Amino acid sequence: MLLWTLHRRRGYGLGEELGHHGDAEVAPGLVDLAVNVRRDPMPDWLSAPIMASMSTLAAYPDPGPATAAIAARHRRPPDEVLLTAGAAQGFVLLAQALRGARCPVVVHPQFTEPEAALRGAGHDVRRVVLSGDFALPPDCALPPEADLVFIGNPTNPTSVLHPAERIAALAAPGRVLVVDEAFADSAHRPGLDREPESLAERRDLPGLVVVRSLTKTWGLAGLRVGYLLGPADLIARCRAVQPLWPVSTPALAAAEACASRVAVATEREIAARLAGDRRYLVRRLRALPGVTVIGEPASAFVLVRVAGADKLRLVLRENGFAVRRGDTFPGLGPDYVRVAVRDTATTDRFVAVFHEILVGSEGKA
C-alpha cells in the first residue's frame with residue numbers, strides 16, 4: 001500500500017474542483033446514481049414530528065431536547081454534542097475554531113468539504129493520499145507535526161470501511177483527529193446489531209471528534225442537520241464560532257426522532273437491505289468488460305475504475321443515467337466514477353445500458 005504526502009499552499013491539483021458535488025450531476029429525466037441519499041418515503045415516526053414542529057416556528061429553535069437525545073444514543077454527556085446545519089457546517093466550524101493548527105492534514109481520497117473548509121479558513125493543507133484499494137494501512141505514518149487530521153469512515157467516494165483501531169491509532173496527544181462518519185449508519189456486518197467500526201462512542205481517545213449526518217439514510221439533505229461528537233472543550237470552541245440558532249426547529253425535531261430506539265433499529269434494517277443491493281450491484285458491475293470495482297464496498301455507493309470514465313460518464317448521461325465523476329477527488333482521476341447503490345431493478349437497467357456503451361466503445365477503438 002503506497003502512501004505519500006503533498007503540500008499545497010494555494011490552488012488545487014490539476015482538474016480538482018473541491019466544491020463539486022454529486023447534485024451537480026443530476027438533471028430532470030436522469031436516473032440519479034450520483035447522489036448518495038436514500039429516496040424511500042419518510043416513516044411516520046419521522047415525518048410526524050417534523051410536521052408538528054411547523055406550528056412552533058414563531059419561537060426560536062431550542063436544541064436542548066435533540067442534543068440530549070443524541071447524547072443518550074451515543075452514551076455521552078450533552079456537552080459533548082453539537083447540532084449543526086449538516087455535517088458540512090461541522091467541517092467549517094472545526095476549521096474556524098482551530099485556526100491555530102500548524103499542520104492540518106487531510107487523508108485522501110475522501111469527501112472534499114473538509115479540505116475546502118480548511119482552505120476557506122486560511123489553513124495550509126497537507127495531504128496524505130492513499131493508493132491501491134484506498135484502505136488505510138496498519139502502519140500509516142502521518143507527518144509527526146500533524147495537529148489536525150481529517151479522515152472518512154466509511155470513506156466517500158471509495159466506500160472503504162477502515163478498521164476502527166487503525167483510525168484510533170492516528171490519535172495522539174496534542175492532535176485533533178476528525179473522523180467523518182456521515183455514512184456510518186449505511187455500513188452493515190452480519191450478526192452485529194450496531195454500526196461496524198464506528199468511533200462515535202469512544203471517549204478515551206485524545207482529541208477525537210466524530211462528524212455525523214442525518215442526510216443520507218433518512219433523505220434529509222434539504223433539511224440540513226448533522227452533529228459533532230467530541231471532548232467538551234473542543235465542542236465548546238466550535239460552538240463559540242457557530243452562528244446563533246444555526247439549526248432550524250424542523251431539523252431539530254428530525255434529529256431527536258432519528259436518535260430514538262426505533263430509528264436506530266430501523267437504520268440497522270435499512271443497512272442490511274442496502275448490503276444486499278450493494279452486493280448485487282458489485283456483482284453485475286464486475287461482470288462488465290474493463291470495469292473494476294474498487295475493494296469491497298461498505299457504504300451506499302461503489303467506486304468504479306474504467307478507462308475513459310470521464311467520457312463514458314457523458315455517454316451515460318445521454319442515455320439517461322447520472323453518475324458521479326471521480327476526477328474532482330484528490331487521489332483519483334478521469335478513469336473513476338462513483339455509482340450510488342439503488343434497488344436491483346434500477347441496477348439491471350443501468351448495467352444493461354452501461355454494457356451497451358462499453359461494447360460500443362470497444363468496437364470504435
# chains A, B, ... in the order shown; residues from 1 in each chain; ligands from 1
>>> select_by_dssp(residues="stretch 38-119 of chain A", states="helix (DSSP H, G or I)", output="ChimeraX atom specification")
/A:44-56,64-73,78-80,87-97,113-119
>>> residues_around(residues="A:Leu229", least_positions_apart="6", cutoff="10 Å", atoms="only C-alpha atoms", output="list of chain:residue names")
A:Ile70, A:Ala71, A:His74, A:Arg76, A:Pro77, A:Pro78, A:Asp79, A:Glu80, A:Val81, A:Leu82, A:Leu83, A:Val178, A:Val179, A:Leu199, A:Ala200, A:Glu201, A:Arg202, A:Arg203, A:Leu208, A:Val209, A:Val210, A:Val211, A:Arg212, A:Ile235
>>> closest_atom_pairs(of="stretch 287-328 of chain A", to="stretch 101-112 of chain A", cutoff="12 Å", atoms="only C-alpha atoms", output="Markdown table")
| residue | atom | partner | partner_atom | distance |
| --- | --- | --- | --- | --- |
| A:Leu303 | CA | A:Pro109 | CA | 11.1 |
| A:Gly326 | CA | A:Pro109 | CA | 9.8 |
| A:Asp327 | CA | A:Pro109 | CA | 10.4 |
| A:Thr328 | CA | A:Thr112 | CA | 8.4 |
>>> write_last_selection(atoms="N, CA, C and O atoms", output="short mmCIF file (atom, residue, chain, number, x, y, z; two decimals), in the first residue's frame")
data_model
loop_
_atom_site.label_atom_id
_atom_site.label_comp_id
_atom_site.auth_asym_id
_atom_site.auth_seq_id
_atom_site.Cartn_x
_atom_site.Cartn_y
_atom_site.Cartn_z
N LEU A 303 -17.10 2.65 -5.88
CA LEU A 303 -16.16 3.36 -6.74
C LEU A 303 -15.73 2.44 -7.86
O LEU A 303 -15.32 1.29 -7.62
N GLY A 326 -15.19 11.19 -10.91
CA GLY A 326 -14.20 10.92 -9.87
C GLY A 326 -13.03 11.87 -9.88
O GLY A 326 -12.29 11.93 -8.89
N ASP A 327 -12.85 12.62 -10.95
CA ASP A 327 -11.62 13.40 -11.07
C ASP A 327 -11.58 14.64 -10.21
O ASP A 327 -10.56 15.33 -10.15
N THR A 328 -12.66 14.96 -9.49
CA THR A 328 -12.63 16.10 -8.57
C THR A 328 -12.15 15.69 -7.18
O THR A 328 -12.00 16.54 -6.31
#
>>> atom_distance(atom1="atom CA of A:Leu93", atom2="atom CA of A:Val35")
24.2 Å
>>> closest_residue(among="A:His21, A:Val92, A:Asp133, A:Pro61", to="A:Cys238", atoms="only C-alpha atoms")
A:Val92
>>> residues_around(residues="A:Pro43", least_positions_apart="3", cutoff="10 Å", atoms="only C-alpha atoms", output="list of chain:residue names")
A:Asp40, A:Leu46, A:Ser47, A:Ala48, A:Trp218, A:Ala263, A:Thr266
>>> write_last_selection(atoms="N, CA and C atoms", output="PDB file, in the first residue's frame")
ATOM      1  N   ASP A  40     -36.416   6.618  -0.280  1.00  0.00           N
ATOM      2  CA  ASP A  40     -37.650   5.959   0.134  1.00  0.00           C
ATOM      3  C   ASP A  40     -38.541   6.929   0.922  1.00  0.00           C
ATOM      4  N   LEU A  46     -40.901   9.799  11.815  1.00  0.00           N
ATOM      5  CA  LEU A  46     -40.008  10.899  11.470  1.00  0.00           C
ATOM      6  C   LEU A  46     -40.783  12.078  10.881  1.00  0.00           C
ATOM      7  N   SER A  47     -41.694  11.795   9.963  1.00  0.00           N
ATOM      8  CA  SER A  47     -42.428  12.889   9.321  1.00  0.00           C
ATOM      9  C   SER A  47     -43.359  13.609  10.296  1.00  0.00           C
ATOM     10  N   ALA A  48     -43.954  12.850  11.243  1.00  0.00           N
ATOM     11  CA  ALA A  48     -44.925  13.460  12.159  1.00  0.00           C
ATOM     12  C   ALA A  48     -44.304  14.560  13.024  1.00  0.00           C
ATOM     13  N   TRP A 218     -31.878   8.977   5.918  1.00  0.00           N
ATOM     14  CA  TRP A 218     -33.242   9.469   6.120  1.00  0.00           C
ATOM     15  C   TRP A 218     -33.693  10.451   5.061  1.00  0.00           C
ATOM     16  N   ALA A 263     -35.602   4.439  15.532  1.00  0.00           N
ATOM     17  CA  ALA A 263     -34.772   4.910  14.425  1.00  0.00           C
ATOM     18  C   ALA A 263     -33.505   4.075  14.303  1.00  0.00           C
ATOM     19  N   THR A 266     -34.301   0.710  12.955  1.00  0.00           N
ATOM     20  CA  THR A 266     -34.650   0.796  11.534  1.00  0.00           C
ATOM     21  C   THR A 266     -33.410   1.025  10.676  1.00  0.00           C
TER      22      THR A 266
END
>>> residues_around(residues="A:Gly219", least_positions_apart="2", cutoff="6 Å", atoms="only C-alpha atoms", output="list in words")
Val37, Arg38, Arg39, Thr215, Lys216, Thr217 and Ala221 of chain A
>>> residues_around(residues="A:Arg317", least_positions_apart="4", cutoff="9 Å", atoms="only C-alpha atoms", output="list in words")
Glu25, Leu30, Val31, Leu312, Arg313, Phe321, Ala322 and Val323 of chain A
>>> closest_residue(among="A:Gly320, A:Gly86, A:Pro157, A:Gly120", to="A:Ser213", atoms="only C-alpha atoms")
A:Gly86
>>> residues_around(residues="A:Leu223", least_positions_apart="4", cutoff="12 Å", atoms="only C-alpha atoms", output="JSON, numbers by chain")
{"A": [50, 84, 85, 86, 87, 213, 214, 215, 216, 218, 219, 246, 247, 248, 249, 250, 251, 252, 253, 254, 255]}
>>> write_last_selection(atoms="all heavy atoms", output="short mmCIF file (atom, residue, chain, number, x, y, z; two decimals), in the first residue's frame")
data_model
loop_
_atom_site.label_atom_id
_atom_site.label_comp_id
_atom_site.auth_asym_id
_atom_site.auth_seq_id
_atom_site.Cartn_x
_atom_site.Cartn_y
_atom_site.Cartn_z
N ILE A 50 -41.63 16.30 12.45
CA ILE A 50 -41.21 17.41 11.58
C ILE A 50 -42.40 18.29 11.24
O ILE A 50 -42.34 19.52 11.34
CB ILE A 50 -40.54 16.87 10.30
CG1 ILE A 50 -39.21 16.18 10.64
CG2 ILE A 50 -40.31 18.00 9.30
CD1 ILE A 50 -38.55 15.50 9.45
N THR A 84 -25.50 20.71 14.17
CA THR A 84 -25.02 21.58 13.09
C THR A 84 -25.98 21.55 11.91
O THR A 84 -26.78 20.62 11.77
CB THR A 84 -23.62 21.13 12.61
OG1 THR A 84 -23.71 19.79 12.11
CG2 THR A 84 -22.60 21.20 13.72
N ALA A 85 -25.87 22.57 11.07
CA ALA A 85 -26.68 22.61 9.85
C ALA A 85 -26.02 21.72 8.80
O ALA A 85 -25.40 22.19 7.84
CB ALA A 85 -26.80 24.04 9.35
N GLY A 86 -26.14 20.43 9.00
CA GLY A 86 -25.49 19.45 8.14
C GLY A 86 -24.07 19.19 8.58
O GLY A 86 -23.45 20.01 9.27
N ALA A 87 -23.53 18.03 8.19
CA ALA A 87 -22.15 17.72 8.52
C ALA A 87 -21.20 18.75 7.93
O ALA A 87 -20.15 19.04 8.51
CB ALA A 87 -21.81 16.31 8.02
N SER A 213 -23.99 12.77 10.10
CA SER A 213 -25.01 13.39 9.26
C SER A 213 -26.28 12.57 9.32
O SER A 213 -26.23 11.34 9.45
CB SER A 213 -24.51 13.46 7.81
OG SER A 213 -25.55 13.84 6.93
N LEU A 214 -27.43 13.24 9.21
CA LEU A 214 -28.71 12.55 9.11
C LEU A 214 -29.26 12.64 7.69
O LEU A 214 -30.40 12.27 7.42
CB LEU A 214 -29.72 13.16 10.10
CG LEU A 214 -29.30 13.07 11.57
CD1 LEU A 214 -30.33 13.75 12.45
CD2 LEU A 214 -29.10 11.63 12.00
N THR A 215 -28.43 13.12 6.78
CA THR A 215 -28.86 13.36 5.40
C THR A 215 -29.12 12.09 4.63
O THR A 215 -30.11 11.98 3.91
CB THR A 215 -27.77 14.16 4.67
OG1 THR A 215 -27.68 15.46 5.26
CG2 THR A 215 -28.09 14.30 3.19
N LYS A 216 -28.23 11.11 4.76
CA LYS A 216 -28.14 10.03 3.78
C LYS A 216 -29.26 9.00 3.95
O LYS A 216 -30.09 8.81 3.06
CB LYS A 216 -26.78 9.34 3.89
CG LYS A 216 -25.61 10.28 4.08
CD LYS A 216 -25.48 11.33 3.00
CE LYS A 216 -24.29 12.23 3.27
NZ LYS A 216 -24.19 13.35 2.33
N TRP A 218 -31.88 8.98 5.92
CA TRP A 218 -33.24 9.47 6.12
C TRP A 218 -33.69 10.45 5.06
O TRP A 218 -34.79 11.01 5.16
CB TRP A 218 -33.37 10.08 7.52
CG TRP A 218 -33.04 9.09 8.59
CD1 TRP A 218 -32.05 9.15 9.52
CD2 TRP A 218 -33.70 7.84 8.81
NE1 TRP A 218 -32.04 8.03 10.30
CE2 TRP A 218 -33.04 7.19 9.89
CE3 TRP A 218 -34.77 7.18 8.20
CZ2 TRP A 218 -33.43 5.95 10.37
CZ3 TRP A 218 -35.15 5.93 8.68
CH2 TRP A 218 -34.48 5.34 9.75
N GLY A 219 -32.87 10.69 4.04
CA GLY A 219 -33.29 11.56 2.94
C GLY A 219 -33.59 12.98 3.37
O GLY A 219 -34.61 13.55 2.96
N PRO A 246 -28.37 28.01 14.61
CA PRO A 246 -27.96 27.53 13.29
C PRO A 246 -28.79 26.39 12.75
O PRO A 246 -28.80 26.13 11.55
CB PRO A 246 -26.52 27.07 13.53
CG PRO A 246 -26.53 26.63 14.98
CD PRO A 246 -27.45 27.59 15.67
N VAL A 247 -29.50 25.68 13.65
CA VAL A 247 -30.27 24.51 13.23
C VAL A 247 -31.75 24.83 13.44
O VAL A 247 -32.17 25.19 14.54
CB VAL A 247 -29.87 23.25 14.02
CG1 VAL A 247 -30.63 22.03 13.51
CG2 VAL A 247 -28.35 23.01 13.91
N SER A 248 -32.53 24.67 12.38
CA SER A 248 -33.94 25.05 12.44
C SER A 248 -34.75 24.12 13.34
O SER A 248 -34.34 22.99 13.63
CB SER A 248 -34.54 25.03 11.04
OG SER A 248 -34.65 23.68 10.57
N THR A 249 -35.91 24.60 13.75
CA THR A 249 -36.79 23.79 14.59
C THR A 249 -37.19 22.48 13.91
O THR A 249 -37.15 21.41 14.55
CB THR A 249 -38.04 24.61 14.98
OG1 THR A 249 -37.62 25.72 15.79
CG2 THR A 249 -39.03 23.78 15.76
N PRO A 250 -37.57 22.46 12.63
CA PRO A 250 -37.88 21.17 11.99
C PRO A 250 -36.66 20.23 11.95
O PRO A 250 -36.81 19.02 12.13
CB PRO A 250 -38.31 21.57 10.58
CG PRO A 250 -38.83 22.96 10.73
CD PRO A 250 -37.93 23.59 11.74
N ALA A 251 -35.48 20.78 11.73
CA ALA A 251 -34.28 19.94 11.71
C ALA A 251 -34.00 19.36 13.09
O ALA A 251 -33.59 18.20 13.22
CB ALA A 251 -33.08 20.74 11.21
N LEU A 252 -34.22 20.13 14.14
CA LEU A 252 -34.04 19.63 15.50
C LEU A 252 -35.05 18.52 15.81
O LEU A 252 -34.72 17.53 16.47
CB LEU A 252 -34.18 20.77 16.50
CG LEU A 252 -33.05 21.82 16.47
CD1 LEU A 252 -33.43 23.02 17.33
CD2 LEU A 252 -31.73 21.21 16.92
N ALA A 253 -36.28 18.69 15.34
CA ALA A 253 -37.28 17.64 15.53
C ALA A 253 -36.84 16.35 14.84
O ALA A 253 -37.00 15.25 15.39
CB ALA A 253 -38.63 18.10 14.98
N ALA A 254 -36.27 16.48 13.65
CA ALA A 254 -35.79 15.31 12.93
C ALA A 254 -34.63 14.66 13.67
O ALA A 254 -34.56 13.43 13.79
CB ALA A 254 -35.35 15.71 11.52
N ALA A 255 -33.72 15.47 14.18
CA ALA A 255 -32.56 14.93 14.90
C ALA A 255 -33.00 14.14 16.14
O ALA A 255 -32.48 13.06 16.42
CB ALA A 255 -31.62 16.06 15.30
#
>>> closest_residue(among="A:Ser260, A:Thr346, A:Gln242, A:Asn319", to="A:Gln96", atoms="only C-alpha atoms")
A:Gln242
>>> select_by_dssp(residues="stretch 85-262 of chain A", states="strand (DSSP E)", output="MDAnalysis selection string")
chainID A and resid 104:108 125:130 148:152 176:180 208:213 226:229
>>> write_last_selection(atoms="N, CA, C and O atoms", output="compact mmCIF listing (two decimals), in the first residue's frame")
# COMPACT_ATOMS: atom_id res chain seq x y z
N PRO A 104 -2.45 21.09 9.42
CA PRO A 104 -3.66 20.31 9.13
C PRO A 104 -3.39 19.30 8.01
O PRO A 104 -2.74 19.63 7.02
N VAL A 105 -3.90 18.10 8.19
CA VAL A 105 -3.71 17.01 7.23
C VAL A 105 -5.07 16.43 6.86
O VAL A 105 -5.90 16.21 7.74
N VAL A 106 -5.28 16.19 5.58
CA VAL A 106 -6.48 15.51 5.11
C VAL A 106 -6.05 14.22 4.43
O VAL A 106 -5.19 14.24 3.55
N VAL A 107 -6.65 13.12 4.85
CA VAL A 107 -6.36 11.82 4.25
C VAL A 107 -7.30 11.63 3.07
O VAL A 107 -8.52 11.58 3.23
N HIS A 108 -6.74 11.54 1.88
CA HIS A 108 -7.50 11.41 0.63
C HIS A 108 -7.28 10.03 0.03
O HIS A 108 -6.31 9.36 0.37
N VAL A 125 -2.84 23.26 3.79
CA VAL A 125 -3.27 21.88 3.99
C VAL A 125 -2.24 20.91 3.43
O VAL A 125 -1.78 21.07 2.30
N ARG A 126 -1.91 19.93 4.22
CA ARG A 126 -1.06 18.85 3.74
C ARG A 126 -1.93 17.63 3.50
O ARG A 126 -2.86 17.35 4.26
N ARG A 127 -1.65 16.92 2.43
CA ARG A 127 -2.43 15.74 2.07
C ARG A 127 -1.65 14.46 2.29
O ARG A 127 -0.46 14.38 2.02
N VAL A 128 -2.35 13.46 2.78
CA VAL A 128 -1.86 12.09 2.78
C VAL A 128 -2.78 11.33 1.84
O VAL A 128 -3.99 11.25 2.09
N VAL A 129 -2.25 10.83 0.75
CA VAL A 129 -3.07 10.24 -0.30
C VAL A 129 -2.84 8.73 -0.35
O VAL A 129 -1.73 8.27 -0.59
N LEU A 130 -3.90 7.98 -0.13
CA LEU A 130 -3.85 6.52 -0.18
C LEU A 130 -3.94 6.07 -1.63
O LEU A 130 -4.50 6.77 -2.48
N LEU A 148 -3.92 18.42 13.29
CA LEU A 148 -5.35 18.40 12.94
C LEU A 148 -5.49 17.48 11.73
O LEU A 148 -4.95 17.79 10.66
N VAL A 149 -6.19 16.36 11.91
CA VAL A 149 -6.25 15.32 10.87
C VAL A 149 -7.71 14.99 10.57
O VAL A 149 -8.52 14.81 11.49
N PHE A 150 -8.03 14.92 9.27
CA PHE A 150 -9.38 14.57 8.82
C PHE A 150 -9.33 13.26 8.03
O PHE A 150 -8.50 13.12 7.12
N ILE A 151 -10.24 12.34 8.34
CA ILE A 151 -10.35 11.08 7.61
C ILE A 151 -11.81 10.64 7.62
O ILE A 151 -12.54 10.94 8.58
N GLY A 152 -12.25 9.96 6.58
CA GLY A 152 -13.63 9.49 6.49
C GLY A 152 -13.73 8.01 6.78
O GLY A 152 -12.81 7.25 6.51
N VAL A 176 -5.86 16.91 17.06
CA VAL A 176 -7.30 16.72 16.91
C VAL A 176 -7.51 15.79 15.72
O VAL A 176 -7.06 16.08 14.61
N LEU A 177 -8.17 14.68 15.96
CA LEU A 177 -8.46 13.69 14.93
C LEU A 177 -9.95 13.76 14.61
O LEU A 177 -10.78 13.46 15.46
N VAL A 178 -10.28 14.17 13.39
CA VAL A 178 -11.67 14.33 12.97
C VAL A 178 -12.04 13.17 12.05
O VAL A 178 -11.43 13.00 10.99
N VAL A 179 -13.03 12.40 12.44
CA VAL A 179 -13.48 11.25 11.65
C VAL A 179 -14.87 11.55 11.11
O VAL A 179 -15.82 11.75 11.87
N ASP A 180 -14.95 11.60 9.79
CA ASP A 180 -16.22 11.86 9.12
C ASP A 180 -17.00 10.56 9.02
O ASP A 180 -16.67 9.69 8.22
N LEU A 208 -10.36 13.28 19.80
CA LEU A 208 -11.22 12.67 18.79
C LEU A 208 -12.52 13.45 18.63
O LEU A 208 -13.25 13.67 19.60
N VAL A 209 -12.83 13.85 17.38
CA VAL A 209 -14.10 14.46 17.04
C VAL A 209 -14.73 13.64 15.93
O VAL A 209 -14.08 13.37 14.91
N VAL A 210 -15.96 13.22 16.11
CA VAL A 210 -16.69 12.45 15.10
C VAL A 210 -17.77 13.34 14.51
O VAL A 210 -18.52 14.00 15.23
N VAL A 211 -17.82 13.38 13.17
CA VAL A 211 -18.81 14.17 12.45
C VAL A 211 -19.87 13.23 11.91
O VAL A 211 -19.56 12.24 11.25
N ARG A 212 -21.13 13.54 12.19
CA ARG A 212 -22.23 12.69 11.76
C ARG A 212 -23.24 13.50 10.93
O ARG A 212 -23.35 14.71 11.07
N SER A 213 -23.99 12.77 10.10
CA SER A 213 -25.01 13.39 9.26
C SER A 213 -26.28 12.57 9.32
O SER A 213 -26.23 11.34 9.45
N GLY A 226 -26.93 17.74 11.08
CA GLY A 226 -25.87 16.81 11.45
C GLY A 226 -25.39 17.17 12.83
O GLY A 226 -26.01 18.00 13.53
N TYR A 227 -24.26 16.59 13.26
CA TYR A 227 -23.77 16.93 14.59
C TYR A 227 -22.32 16.51 14.76
O TYR A 227 -21.79 15.68 14.01
N LEU A 228 -21.67 17.13 15.75
CA LEU A 228 -20.32 16.78 16.16
C LEU A 228 -20.37 16.09 17.50
O LEU A 228 -21.17 16.43 18.37
N LEU A 229 -19.49 15.11 17.67
CA LEU A 229 -19.29 14.44 18.95
C LEU A 229 -17.82 14.58 19.31
O LEU A 229 -16.95 14.31 18.48
>>> atom_distance(atom1="atom CA of A:Leu220", atom2="atom CA of A:Phe183")
13.3 Å
